[in-house]
file run35.txt (compact mmCIF, C-alpha atoms and all ligand atoms)
# COMPACT_ATOMS: atom_id res chain seq x y z
CA MET A 257 2.46 21.04 -4.90
CA LEU A 258 -0.80 19.46 -3.71
CA ALA A 259 0.50 18.69 -0.24
CA GLY A 260 -1.73 20.31 2.38
CA LYS A 261 -4.03 21.96 -0.17
CA ARG A 262 -7.74 21.94 0.77
CA ILE A 263 -9.66 20.77 -2.26
CA VAL A 264 -13.45 20.62 -2.36
CA LEU A 265 -14.27 17.80 -4.78
CA GLY A 266 -17.74 18.45 -6.14
CA VAL A 267 -19.37 15.48 -7.84
CA SER A 268 -22.48 16.09 -9.91
CA GLY A 269 -24.92 13.55 -11.26
CA GLY A 270 -23.50 11.87 -14.33
CA ILE A 271 -22.49 8.30 -15.09
CA ALA A 272 -18.84 9.45 -14.97
CA ALA A 273 -19.24 10.11 -11.23
CA TYR A 274 -17.63 6.74 -10.53
CA LYS A 275 -14.39 8.03 -12.09
CA ALA A 276 -14.27 10.82 -9.50
CA ILE A 277 -13.43 8.11 -6.96
CA GLU A 278 -10.07 7.55 -8.70
CA VAL A 279 -9.49 11.32 -8.90
CA CYS A 280 -10.21 11.56 -5.16
CA ARG A 281 -7.72 8.77 -4.42
CA ARG A 282 -4.99 10.39 -6.52
CA LEU A 283 -5.47 13.81 -4.89
CA VAL A 284 -5.28 12.27 -1.41
CA ASP A 285 -2.18 10.25 -2.41
CA ALA A 286 -0.55 13.51 -3.54
CA GLY A 287 -1.09 14.93 -0.04
CA ALA A 288 -4.19 17.07 -0.65
CA HIS A 289 -6.94 17.43 1.96
CA VAL A 290 -10.01 16.41 -0.03
CA ILE A 291 -13.56 17.26 1.04
CA PRO A 292 -16.14 15.54 -1.17
CA VAL A 293 -19.46 17.26 -1.86
CA LEU A 294 -21.98 15.13 -3.73
CA THR A 295 -25.12 16.44 -5.38
CA GLU A 296 -28.35 14.50 -5.07
CA GLY A 297 -27.90 13.38 -8.67
CA ALA A 298 -24.38 12.09 -7.97
CA ARG A 299 -25.74 9.86 -5.20
CA HIS A 300 -27.85 8.04 -7.80
CA PHE A 301 -24.60 6.93 -9.43
CA VAL A 302 -22.09 6.49 -6.58
CA GLY A 303 -22.25 5.73 -2.89
CA ALA A 304 -21.25 8.44 -0.43
CA THR A 305 -19.53 5.78 1.71
CA THR A 306 -16.91 5.12 -0.96
CA PHE A 307 -15.91 8.78 -1.04
CA SER A 308 -16.01 9.06 2.76
CA ALA A 309 -13.65 6.09 3.01
CA LEU A 310 -11.13 7.51 0.54
CA ALA A 311 -11.32 11.27 1.16
CA SER A 312 -9.92 13.32 4.03
CA GLU A 313 -13.36 14.16 5.46
CA PRO A 314 -16.78 12.52 5.26
CA VAL A 315 -18.97 13.37 2.28
CA GLN A 316 -21.21 16.42 2.59
CA THR A 317 -24.42 16.52 0.68
CA SER A 318 -26.79 19.05 2.13
CA LEU A 319 -27.13 22.78 2.74
CA TRP A 320 -29.34 21.90 5.68
CA ASN A 321 -27.22 20.66 8.51
CA GLU A 322 -27.94 21.09 12.22
CA VAL A 323 -24.29 20.95 13.30
CA ASP A 324 -23.04 23.48 10.76
CA PRO A 325 -25.78 25.90 9.68
CA ILE A 326 -23.72 27.52 6.89
CA PRO A 327 -21.58 24.71 5.42
CA HIS A 328 -21.24 26.31 1.99
CA THR A 329 -19.45 29.45 3.23
CA ARG A 330 -17.11 27.39 5.43
CA LEU A 331 -16.33 25.10 2.48
CA GLY A 332 -16.02 27.86 -0.09
CA GLN A 333 -13.93 30.23 2.02
CA GLY A 334 -11.64 27.49 3.33
CA ALA A 335 -10.90 25.90 -0.05
CA ASP A 336 -7.64 26.35 -1.95
CA LEU A 337 -9.48 25.01 -5.01
CA VAL A 338 -12.92 23.71 -5.92
CA LEU A 339 -12.95 20.87 -8.47
CA VAL A 340 -16.18 19.73 -10.10
CA CYS A 341 -15.71 16.26 -11.56
CA PRO A 342 -17.79 15.35 -13.44
CA ALA A 343 -19.62 18.58 -14.26
CA THR A 344 -23.02 17.97 -15.86
CA ALA A 345 -24.71 20.37 -18.29
CA ARG A 346 -27.01 21.38 -15.45
CA LEU A 347 -24.14 22.11 -13.08
CA LEU A 348 -22.47 24.30 -15.74
CA ALA A 349 -25.74 26.15 -16.32
CA ASP A 350 -26.22 26.67 -12.57
CA LEU A 351 -22.70 28.01 -12.17
CA ALA A 352 -23.02 30.28 -15.21
CA GLY A 353 -26.40 31.53 -14.00
CA GLY A 354 -25.30 32.05 -10.37
CA ARG A 355 -27.90 29.62 -9.01
CA SER A 356 -27.25 28.10 -5.58
CA HIS A 357 -29.94 25.55 -4.83
CA ASP A 358 -27.74 22.88 -3.23
CA LEU A 359 -24.50 22.58 -1.26
CA LEU A 360 -22.22 22.30 -4.29
CA THR A 361 -23.66 25.22 -6.26
CA ALA A 362 -23.76 27.38 -3.10
CA THR A 363 -20.12 26.49 -2.32
CA LEU A 364 -19.14 27.45 -5.87
CA LEU A 365 -20.67 30.90 -5.34
CA ALA A 366 -19.11 31.28 -1.90
CA THR A 367 -15.52 30.66 -3.00
CA ARG A 368 -12.81 32.96 -4.31
CA ALA A 369 -10.48 30.00 -4.86
CA PRO A 370 -9.70 28.72 -8.38
CA VAL A 371 -12.48 26.56 -9.82
CA VAL A 372 -11.77 23.62 -12.16
CA VAL A 373 -14.69 21.96 -13.98
CA CYS A 374 -14.52 18.68 -15.89
CA PRO A 375 -17.57 18.45 -18.15
CA ALA A 376 -18.84 14.98 -19.10
CA MET A 377 -22.02 14.35 -21.06
CA HIS A 378 -23.34 12.96 -24.31
CA THR A 379 -21.93 14.45 -27.51
CA GLU A 380 -25.24 16.09 -28.45
CA MET A 381 -25.41 17.84 -25.09
CA TRP A 382 -21.71 18.79 -25.15
CA GLU A 383 -22.07 20.36 -28.58
CA HIS A 384 -25.33 22.16 -27.77
CA PRO A 385 -24.93 25.95 -28.10
CA ALA A 386 -26.43 26.47 -24.62
CA VAL A 387 -23.70 24.34 -23.04
CA GLN A 388 -20.96 25.91 -25.14
CA ASP A 389 -22.21 29.43 -24.33
CA ASN A 390 -22.24 28.62 -20.61
CA LEU A 391 -18.69 27.28 -20.86
CA ALA A 392 -17.48 30.33 -22.77
CA LEU A 393 -18.95 32.53 -20.03
CA LEU A 394 -17.27 30.46 -17.31
CA VAL A 395 -13.90 30.62 -19.12
CA ARG A 396 -14.25 34.42 -19.35
CA ARG A 397 -14.78 34.47 -15.59
CA GLY A 398 -11.55 32.53 -15.03
CA VAL A 399 -12.95 29.04 -14.47
CA HIS A 400 -10.51 26.32 -15.62
CA VAL A 401 -12.16 23.84 -17.97
CA VAL A 402 -10.79 20.33 -18.50
CA PRO A 403 -12.38 19.41 -21.82
CA PRO A 404 -13.92 15.98 -22.25
CA GLU A 405 -12.27 13.39 -24.47
CA GLU A 406 -13.57 11.47 -27.46
CA GLY A 407 -14.47 7.89 -26.69
CA ARG A 408 -17.15 5.37 -25.85
CA LEU A 409 -20.06 6.96 -23.99
CA ALA A 410 -22.58 5.45 -21.59
CA GLY A 411 -25.09 4.42 -24.27
CA GLY A 412 -22.39 2.58 -26.25
CA ASP A 413 -22.08 5.34 -28.85
CA VAL A 414 -18.74 7.01 -29.55
CA GLY A 415 -18.02 10.75 -29.56
CA ALA A 416 -16.81 13.77 -27.62
CA GLY A 417 -18.06 14.02 -24.05
CA ARG A 418 -16.23 11.35 -22.07
CA LEU A 419 -14.74 12.63 -18.81
CA ALA A 420 -11.01 13.42 -19.08
CA ALA A 421 -8.67 10.76 -17.67
CA PRO A 422 -7.92 10.98 -13.92
CA GLU A 423 -4.27 11.94 -14.56
CA THR A 424 -5.42 14.80 -16.82
CA VAL A 425 -7.82 16.04 -14.14
CA VAL A 426 -5.12 15.93 -11.45
CA ALA A 427 -2.66 17.71 -13.78
CA ALA A 428 -5.25 20.46 -14.34
CA VAL A 429 -5.68 20.85 -10.57
CA GLU A 430 -1.90 21.13 -10.18
CA ALA A 431 -1.75 23.67 -13.01
CA ALA A 432 -4.51 25.77 -11.47
CA LEU A 433 -2.66 25.83 -8.13
CA ALA A 434 0.83 26.30 -9.56
CA GLU A 435 2.83 29.49 -9.39
CA PRO A 436 3.48 30.30 -13.05
CA ASP A 437 7.13 30.96 -12.26
CA LEU A 438 8.38 29.56 -15.61
CA SER A 439 6.01 31.64 -17.72
CA GLY A 440 7.76 33.49 -20.51
CA LEU A 441 10.41 30.75 -20.77
CA THR A 442 10.75 28.32 -23.66
CA VAL A 443 11.83 24.90 -22.40
CA LEU A 444 13.12 22.01 -24.50
CA VAL A 445 13.21 18.58 -22.84
CA THR A 446 14.48 15.26 -24.21
CA ALA A 447 13.27 11.91 -22.86
CA GLY A 448 13.70 8.18 -23.26
CA GLY A 449 16.45 5.96 -24.57
CA THR A 450 17.51 6.15 -28.21
CA ARG A 451 17.29 3.05 -30.40
CA GLU A 452 20.10 2.53 -32.87
CA PRO A 453 19.21 0.17 -35.72
CA ILE A 454 21.19 -3.01 -36.35
CA ASP A 455 18.84 -3.99 -39.19
CA PRO A 456 15.20 -3.12 -39.98
CA VAL A 457 13.90 -5.17 -37.01
CA ARG A 458 16.66 -5.04 -34.39
CA PHE A 459 18.22 -2.19 -32.46
CA LEU A 460 20.71 -1.36 -29.72
CA GLY A 461 18.79 0.28 -26.89
CA ASN A 462 18.94 0.97 -23.18
CA ARG A 463 16.68 0.71 -20.17
CA SER A 464 15.53 4.33 -19.94
CA SER A 465 11.71 4.48 -19.70
CA GLY A 466 11.33 8.19 -20.43
CA LYS A 467 9.27 8.71 -17.24
CA GLN A 468 11.65 11.30 -15.76
CA GLY A 469 11.78 13.31 -19.01
CA HIS A 470 7.98 13.28 -19.38
CA ALA A 471 7.63 14.36 -15.73
CA LEU A 472 10.03 17.26 -16.43
CA ALA A 473 7.96 18.37 -19.43
CA ALA A 474 4.73 18.16 -17.39
CA GLU A 475 6.24 20.14 -14.53
CA ALA A 476 7.54 22.90 -16.83
CA ALA A 477 4.18 23.19 -18.63
CA THR A 478 2.30 23.30 -15.33
CA ARG A 479 4.51 26.18 -14.22
CA GLY A 480 3.69 28.18 -17.33
CA ALA A 481 6.61 27.43 -19.69
CA LYS A 482 6.21 26.87 -23.42
CA VAL A 483 7.45 23.29 -23.64
CA THR A 484 8.67 21.05 -26.45
CA LEU A 485 9.36 17.40 -25.61
CA VAL A 486 11.62 15.39 -27.91
CA THR A 487 11.01 11.80 -26.88
CA THR A 488 11.56 8.18 -27.87
CA ALA A 489 9.03 6.95 -25.28
CA GLY A 490 5.45 5.97 -26.06
CA LEU A 491 4.20 7.49 -22.80
CA PRO A 492 1.24 9.91 -22.71
CA VAL A 493 2.18 13.48 -23.59
CA PRO A 494 1.58 15.97 -20.78
CA ALA A 495 -1.18 18.52 -21.43
CA GLY A 496 -0.02 21.66 -23.21
CA VAL A 497 3.28 20.17 -24.39
CA GLU A 498 4.36 20.05 -28.05
CA VAL A 499 5.81 16.61 -28.80
CA VAL A 500 8.39 15.47 -31.35
CA ARG A 501 8.75 11.68 -31.59
CA VAL A 502 12.19 10.35 -32.50
CA ASP A 503 14.04 7.04 -32.38
CA THR A 504 17.76 7.45 -32.93
CA ALA A 505 20.49 9.72 -31.57
CA ALA A 506 20.81 11.31 -35.02
CA GLN A 507 17.06 12.11 -35.14
CA MET A 508 17.19 13.47 -31.60
CA GLU A 509 20.20 15.64 -32.46
CA ALA A 510 18.39 17.05 -35.53
CA ALA A 511 15.19 17.77 -33.56
CA VAL A 512 17.08 19.39 -30.69
CA THR A 513 19.48 21.43 -32.84
CA GLU A 514 16.59 22.86 -34.85
CA ARG A 515 14.90 24.11 -31.66
CA ALA A 516 17.88 24.92 -29.42
CA ALA A 517 18.39 28.55 -30.42
CA ALA A 518 14.82 29.45 -29.42
CA ALA A 519 15.06 27.70 -26.03
CA ASP A 520 15.82 29.46 -22.75
CA VAL A 521 16.22 26.16 -20.90
CA ILE A 522 17.30 22.82 -22.39
CA VAL A 523 17.06 19.65 -20.30
CA MET A 524 18.78 16.62 -21.79
CA ALA A 525 17.11 13.87 -19.77
CA ALA A 526 17.29 11.35 -22.63
CA ALA A 527 19.64 8.39 -22.39
CA VAL A 528 21.33 8.91 -25.74
CA ALA A 529 23.31 5.90 -26.98
CA ASP A 530 27.03 6.59 -27.00
CA PHE A 531 27.62 4.11 -29.82
CA ARG A 532 25.61 2.88 -32.78
CA PRO A 533 26.14 0.24 -35.49
CA ALA A 534 28.36 1.89 -38.10
CA ALA A 535 26.58 0.24 -41.02
CA PRO A 536 23.05 -0.98 -40.16
CA ALA A 537 21.95 -3.78 -42.49
CA VAL A 538 19.35 -2.76 -45.05
CA GLU A 539 17.73 -6.21 -44.96
CA LYS A 540 17.00 -8.32 -41.89
CA ILE A 541 20.12 -10.25 -40.86
CA LYS A 542 19.43 -13.98 -41.27
CA LYS A 543 20.75 -16.38 -38.67
CA HIS A 544 21.79 -18.95 -41.26
CA HIS A 545 24.40 -16.40 -42.38
CA GLY A 546 26.16 -16.94 -39.02
CA VAL A 547 26.72 -14.69 -35.98
CA PRO A 548 27.19 -11.12 -37.27
CA GLU A 549 30.02 -8.90 -36.10
CA LEU A 550 28.77 -5.46 -35.20
CA ARG A 551 31.14 -2.58 -35.79
CA LEU A 552 30.14 0.43 -33.72
CA GLU A 553 30.82 4.14 -34.17
CA PRO A 554 30.29 7.02 -31.71
CA THR A 555 27.05 9.01 -31.84
CA PRO A 556 27.15 12.81 -31.75
CA ASP A 557 27.26 14.09 -28.16
CA ILE A 558 24.19 16.33 -28.28
CA LEU A 559 24.72 17.84 -24.82
CA ALA A 560 28.36 18.71 -25.52
CA GLY A 561 27.35 20.31 -28.84
CA LEU A 562 24.72 22.42 -27.06
CA GLY A 563 27.27 23.36 -24.40
CA ALA A 564 29.74 24.57 -27.03
CA ALA A 565 27.08 26.73 -28.74
CA LYS A 566 25.37 27.94 -25.55
CA ARG A 567 24.30 31.58 -25.14
CA PRO A 568 25.12 33.12 -21.73
CA ASP A 569 21.40 33.54 -20.97
CA GLN A 570 20.58 29.90 -21.76
CA THR A 571 20.43 27.25 -19.06
CA LEU A 572 21.65 23.82 -20.07
CA VAL A 573 20.85 20.81 -17.91
CA GLY A 574 22.42 17.38 -18.40
CA PHE A 575 21.65 14.08 -16.74
CA ALA A 576 24.13 11.52 -15.55
CA ALA A 577 23.59 7.91 -14.63
CA GLU A 578 26.46 6.89 -12.41
CA THR A 579 27.31 3.81 -10.41
CA SER A 580 30.07 5.28 -8.19
CA ASP A 581 31.50 8.66 -7.11
CA VAL A 582 28.20 10.22 -8.19
CA ARG A 583 28.92 13.84 -7.22
CA ALA A 584 32.53 13.96 -8.50
CA SER A 585 31.63 12.26 -11.79
CA ALA A 586 28.72 14.66 -12.26
CA HIS A 587 30.96 17.71 -11.73
CA GLU A 588 33.45 16.32 -14.22
CA LYS A 589 30.64 15.79 -16.77
CA LEU A 590 29.27 19.28 -16.14
CA ALA A 591 32.66 20.86 -16.92
CA ARG A 592 33.43 18.58 -19.87
CA LYS A 593 30.06 19.14 -21.59
CA GLY A 594 29.64 22.85 -20.78
CA ALA A 595 26.37 22.36 -18.86
CA ASP A 596 25.08 24.64 -16.11
CA LEU A 597 23.50 21.87 -14.08
CA VAL A 598 23.83 18.10 -14.06
CA VAL A 599 21.21 15.91 -12.43
CA ALA A 600 23.01 12.77 -11.35
CA ASN A 601 21.48 9.59 -10.13
CA ASP A 602 23.05 6.56 -8.64
CA VAL A 603 21.39 3.95 -10.83
CA GLY A 604 22.41 1.24 -8.39
CA ALA A 605 20.55 2.83 -5.43
CA PRO A 606 17.28 1.14 -4.37
CA GLY A 607 14.20 2.82 -5.91
CA ALA A 608 16.23 5.14 -8.14
CA GLY A 609 16.74 5.31 -11.89
CA PHE A 610 15.51 3.31 -14.83
CA GLU A 611 11.95 1.96 -14.91
CA HIS A 612 11.17 3.07 -11.35
CA ASP A 613 8.49 5.63 -10.53
CA THR A 614 10.82 7.17 -7.97
CA ASN A 615 14.24 8.73 -8.22
CA GLN A 616 16.95 10.02 -5.89
CA VAL A 617 19.37 12.51 -7.36
CA VAL A 618 22.01 15.08 -6.63
CA ILE A 619 21.84 18.29 -8.65
CA VAL A 620 25.34 19.67 -9.22
CA ARG A 621 25.70 23.23 -10.45
CA SER A 622 28.36 25.32 -12.15
CA ASP A 623 27.90 27.92 -9.38
CA GLY A 624 28.72 25.25 -6.79
CA LEU A 625 25.30 25.33 -5.07
CA ASP A 626 24.81 21.56 -5.23
CA GLU A 627 21.71 19.99 -3.75
CA ASP A 628 20.76 16.47 -2.69
CA VAL A 629 17.16 15.64 -3.61
CA PRO A 630 15.75 12.85 -1.42
CA LEU A 631 14.03 9.77 -2.86
CA GLY A 632 10.67 10.85 -4.24
CA GLY A 633 8.37 10.64 -7.24
CA LYS A 634 9.81 11.65 -10.60
CA ARG A 635 7.50 14.67 -10.57
CA ALA A 636 9.01 15.79 -7.24
CA VAL A 637 12.48 15.44 -8.79
CA ALA A 638 11.28 17.49 -11.78
CA ARG A 639 10.07 20.19 -9.38
CA ALA A 640 13.49 20.30 -7.69
CA VAL A 641 15.24 20.50 -11.08
CA PHE A 642 13.22 23.53 -12.22
CA ASP A 643 13.59 25.19 -8.79
CA ALA A 644 17.37 24.79 -9.24
CA VAL A 645 17.17 26.07 -12.84
CA LEU A 646 15.37 29.24 -11.73
CA ASP A 647 17.77 29.76 -8.85
CA HIS A 648 20.76 29.25 -11.16
CA ARG A 649 19.35 31.74 -13.67
CA VAL A 650 19.17 34.35 -10.90
CA THR A 651 22.71 33.73 -9.60
CA SER A 652 24.24 33.62 -13.10
CA ALA A 653 22.35 36.77 -14.23
CA ASP A 654 23.79 38.54 -11.16
CA ARG A 655 27.29 37.58 -12.25
CA ARG A 656 26.94 38.46 -15.96
CA PRO A 657 28.17 41.87 -17.17
CA ARG A 658 25.16 44.21 -17.43
CA ASP A 659 25.21 44.57 -21.22
CA SER A 660 24.96 40.81 -21.78
CA ILE A 661 21.78 40.38 -19.67
N1 LIG B 701 24.18 12.77 -24.01
C1 LIG B 701 24.05 13.37 -25.24
N2 LIG B 701 24.52 12.76 -26.36
C2 LIG B 701 25.15 11.58 -26.27
C3 LIG B 701 25.31 10.96 -25.02
C4 LIG B 701 24.80 11.58 -23.90
O1 LIG B 701 23.48 14.44 -25.31
N3 LIG B 701 25.59 11.01 -27.38
C5 LIG B 701 23.68 13.47 -22.83
C6 LIG B 701 22.54 12.80 -22.13
O2 LIG B 701 21.29 13.25 -22.59
C7 LIG B 701 22.75 13.21 -20.69
C8 LIG B 701 24.24 13.25 -20.57
O3 LIG B 701 24.72 13.51 -21.88
O4 LIG B 701 22.26 14.51 -20.43
C9 LIG B 701 24.68 11.90 -20.08
O5 LIG B 701 25.96 11.73 -20.30
P1 LIG B 701 26.57 10.26 -20.38
O6 LIG B 701 25.90 9.43 -21.39
O7 LIG B 701 26.68 9.72 -18.99
O8 LIG B 701 27.87 10.80 -20.87
P2 LIG B 701 29.20 10.16 -21.11
O9 LIG B 701 30.13 11.28 -21.06
O10 LIG B 701 29.08 9.37 -22.34
O11 LIG B 701 29.33 9.26 -19.86
P3 LIG B 701 30.48 8.35 -19.40
O12 LIG B 701 31.69 9.19 -19.54
O13 LIG B 701 30.05 8.07 -18.01
O14 LIG B 701 30.43 7.20 -20.34
call {"tool": "encode", "arguments": {"input": "run35.txt", "output": "structure tokens"}}
result
Amino acid sequence: MLAGKRIVLGVSGGIAAYKAIEVCRRLVDAGAHVIPVLTEGARHFVGATTFSALASEPVQTSLWNEVDPIPHTRLGQGADLVLVCPATARLLADLAGGRSHDLLTATLLATRAPVVVCPAMHTEMWEHPAVQDNLALLVRRGVHVVPPEEGRLAGGDVGAGRLAAPETVVAAVEAALAEPDLSGLTVLVTAGGTREPIDPVRFLGNRSSGKQGHALAAEAATRGAKVTLVTTAGLPVPAGVEVVRVDTAAQMEAAVTERAAAADVIVMAAAVADFRPAAPAVEKIKKHHGVPELRLEPTPDILAGLGAAKRPDQTLVGFAAETSDVRASAHEKLARKGADLVVANDVGAPGAGFEHDTNQVVIVRSDGLDEDVPLGGKRAVARAVFDAVLDHRVTSADRRPRDSI
């Protein structure tokens, strides 16, 4: 989504300016073309050389430039997005008031691209009515605001005003650039491996990290869906996503069943245990009682239950972890569980599957339009999954009798 996008990264003069270096690195890693613009204040906190080394172009700092007499219009008109990180109270006031006394403020006036601001300042300043009024005005004008977090501030005090985390800033940039092609859809995603208790301290688990499920939830939210994530993983929750924390297959089934009827799209990315201890011990099992024998019983198959109860206008996506005959096994699973799509990965392939940050999958579909997704980040896989979901919804709506659409 960020690949090839021209992003002007404006850095204004706050202590959090050093964190913009990490934001710059992440944007460049995601394929964006980043042009840093530092205010005079920013240069008191960070060196221009650092940004020049990491960004796609050297830092620009001045309106007065003999090579390019009107740098702000070139920057503003050429940008796909202008990000201000951090945005000081003064920068917000300048933008709200239409002042253009330096390269960054002039660029902000000269652009029609989306603008994302990430305020960072002391709590007293953040809560001041002047700052809040300026922000409210900017929001009304369509500026995207990434609110600061609560935490330790520069003077050692604690409160609201700390710059949002780099991943939150990058997610906001992606959201501002995204086509809201999932807006109006309610999406339910499950993530992580379930843990089935043996006794109060031990469980049967699996190696699923939950990263793919969380990436799916983030992708759907970025593209405008109303997202609920039912997860066993302790990973950060993507912005704008409602989260339901669960542990066991039974808890996951209850959470999913309660929300399934309202969902347009359900993605079962969780690695749900197939078996669980039939009678978990109430007290911790002591080793001096000898080696216990565990009797297992099957868990409910949540995906199959959803498939049996599925409305024609619902899209149901399953996941499959296979070690051989990936495509054929995935098609068999799709038919057996009543899913519309199954995302299958070869967990034995290098770089794919559990605990990795990358994945390589094949998406098999009930309409036969299967697709191989090359090895890529889990977010890229999530993007391919929702592209396939949207495409499948179009082809299946075309085939449904008119009165059922
Ligand atoms: N799943 C589920 N409930 C279960 C087990 C799995 O909803 N009790 C879902 C997973 O979330 C995933 C898909 O089913 O979407 C994965 O299926 P898998 O566990 O591979 O299914 P099985 O049919 O048990 O696989 P196999 O036949 O390969 O053992």
call {"tool": "residues_around", "arguments": {"input": "run35.txt", "residues": "stretch 616-632 of chain A", "least_positions_apart": "3", "cutoff": "7 Å", "atoms": "all atoms listed in the file", "output": "ChimeraX atom specification"}}
result
/A:586-587,596-601,608,636-637
call {"tool": "residues_near_point", "arguments": {"input": "run35.txt", "point": "(-11.7, 33.1, -4.8)", "cutoff": "10 Å", "atoms": "all atoms listed in the file", "output": "ChimeraX atom specification"}}
result
/A:332-338,364-371
call {"tool": "atom_distance", "arguments": {"input": "run35.txt", "atom1": "atom CA of A:Val641", "atom2": "atom CA of A:Arg463"}}
result
21.8 Å
call {"tool": "residues_around", "arguments": {"input": "run35.txt", "residues": "stretch 279-293 of chain A", "least_positions_apart": "2", "cutoff": "9 Å", "atoms": "all atoms listed in the file", "output": "PyMOL selection string"}}
result
chain A and resi 257-268+275-277+295+304+307-308+310-318+331+341+359-360+421-423+425-426
call {"tool": "residues_near_ligand", "arguments": {"input": "run35.txt", "ligand": "ligand LIG 701 (chain B)", "cutoff": "8 Å", "atoms": "all atoms listed in the file", "output": "VMD selection string"}}
result
chain A and resid 446 505 509 523 to 531 554 to 561 573 to 578 585 589 593 598
call {"tool": "closest_residue", "arguments": {"input": "run35.txt", "among": "A:Gly563, A:Gly415, A:Pro548, A:Gly353", "to": "A:Leu590", "atoms": "only C-alpha atoms"}}
result
A:Gly563
call {"tool": "closest_residue", "arguments": {"input": "run35.txt", "among": "A:Asp413, A:Glu498, A:Asp569, A:Glu475", "to": "A:Ala434", "atoms": "only C-alpha atoms"}}
result
A:Glu475
call {"tool": "atom_distance", "arguments": {"input": "run35.txt", "atom1": "atom CA of A:Ala644", "atom2": "atom CA of A:Thr450"}}
result
26.6 Å
call {"tool": "closest_residue", "arguments": {"input": "run35.txt", "among": "A:Ala640, A:Val401, A:Ala511, A:Val302", "to": "A:Asn615", "atoms": "only C-alpha atoms"}}
result
A:Ala640
call {"tool": "residues_near_point", "arguments": {"input": "run35.txt", "point": "(-28.4, 22.7, 1.2)", "cutoff": "12 Å", "atoms": "only C-alpha atoms", "output": "list in words"}}
result
Val293, Leu294, Thr295, Glu296, Gln316, Thr317, Ser318, Leu319, Trp320, Asn321, Glu322, Asp324, Pro325, Ile326, Pro327, His328, Thr329, Ser356, His357, Asp358, Leu359, Leu360, Thr361, Ala362 and Thr363 of chain A
call {"tool": "atom_distance", "arguments": {"input": "run35.txt", "atom1": "atom CA of A:Arg656", "atom2": "atom CA of A:Pro568"}}
result
8.1 Å
call {"tool": "residues_around", "arguments": {"input": "run35.txt", "residues": "A:Gly480", "least_positions_apart": "3", "cutoff": "9 Å", "atoms": "all atoms listed in the file", "output": "PyMOL selection string"}}
result
chain A and resi 431+434-441+475-477+483
call {"tool": "closest_residue", "arguments": {"input": "run35.txt", "among": "A:Ala343, A:Val445, A:Val323, A:Leu393", "to": "A:Ala298", "atoms": "only C-alpha atoms"}}
result
A:Ala343
call {"tool": "residues_around", "arguments": {"input": "run35.txt", "residues": "A:Pro404", "least_positions_apart": "4", "cutoff": "10 Å", "atoms": "all atoms listed in the file", "output": "list in words"}}
result
Pro342, Cys374, Pro375, Ala376, Met377, Thr379, Trp382, Gly415, Ala416, Gly417, Arg418, Leu419, Ala420 and Ala421 of chain A
call {"tool": "closest_residue", "arguments": {"input": "run35.txt", "among": "A:Ala595, A:Ala519, A:Ala349, A:Val486", "to": "A:Arg501", "atoms": "all atoms listed in the file"}}
result
A:Val486
call {"tool": "closest_residue", "arguments": {"input": "run35.txt", "among": "A:Pro385, A:Gly411, A:Gly496, A:Pro536", "to": "A:Val457", "atoms": "all atoms listed in the file"}}
result
A:Pro536
call {"tool": "residues_around", "arguments": {"input": "run35.txt", "residues": "A:Ser464", "least_positions_apart": "3", "cutoff": "10 Å", "atoms": "all atoms listed in the file", "output": "JSON, numbers by chain"}}
result
{"A": [447, 448, 449, 450, 461, 467, 468, 469, 488, 489, 525, 526, 527, 528, 609, 610, 611, 612]}
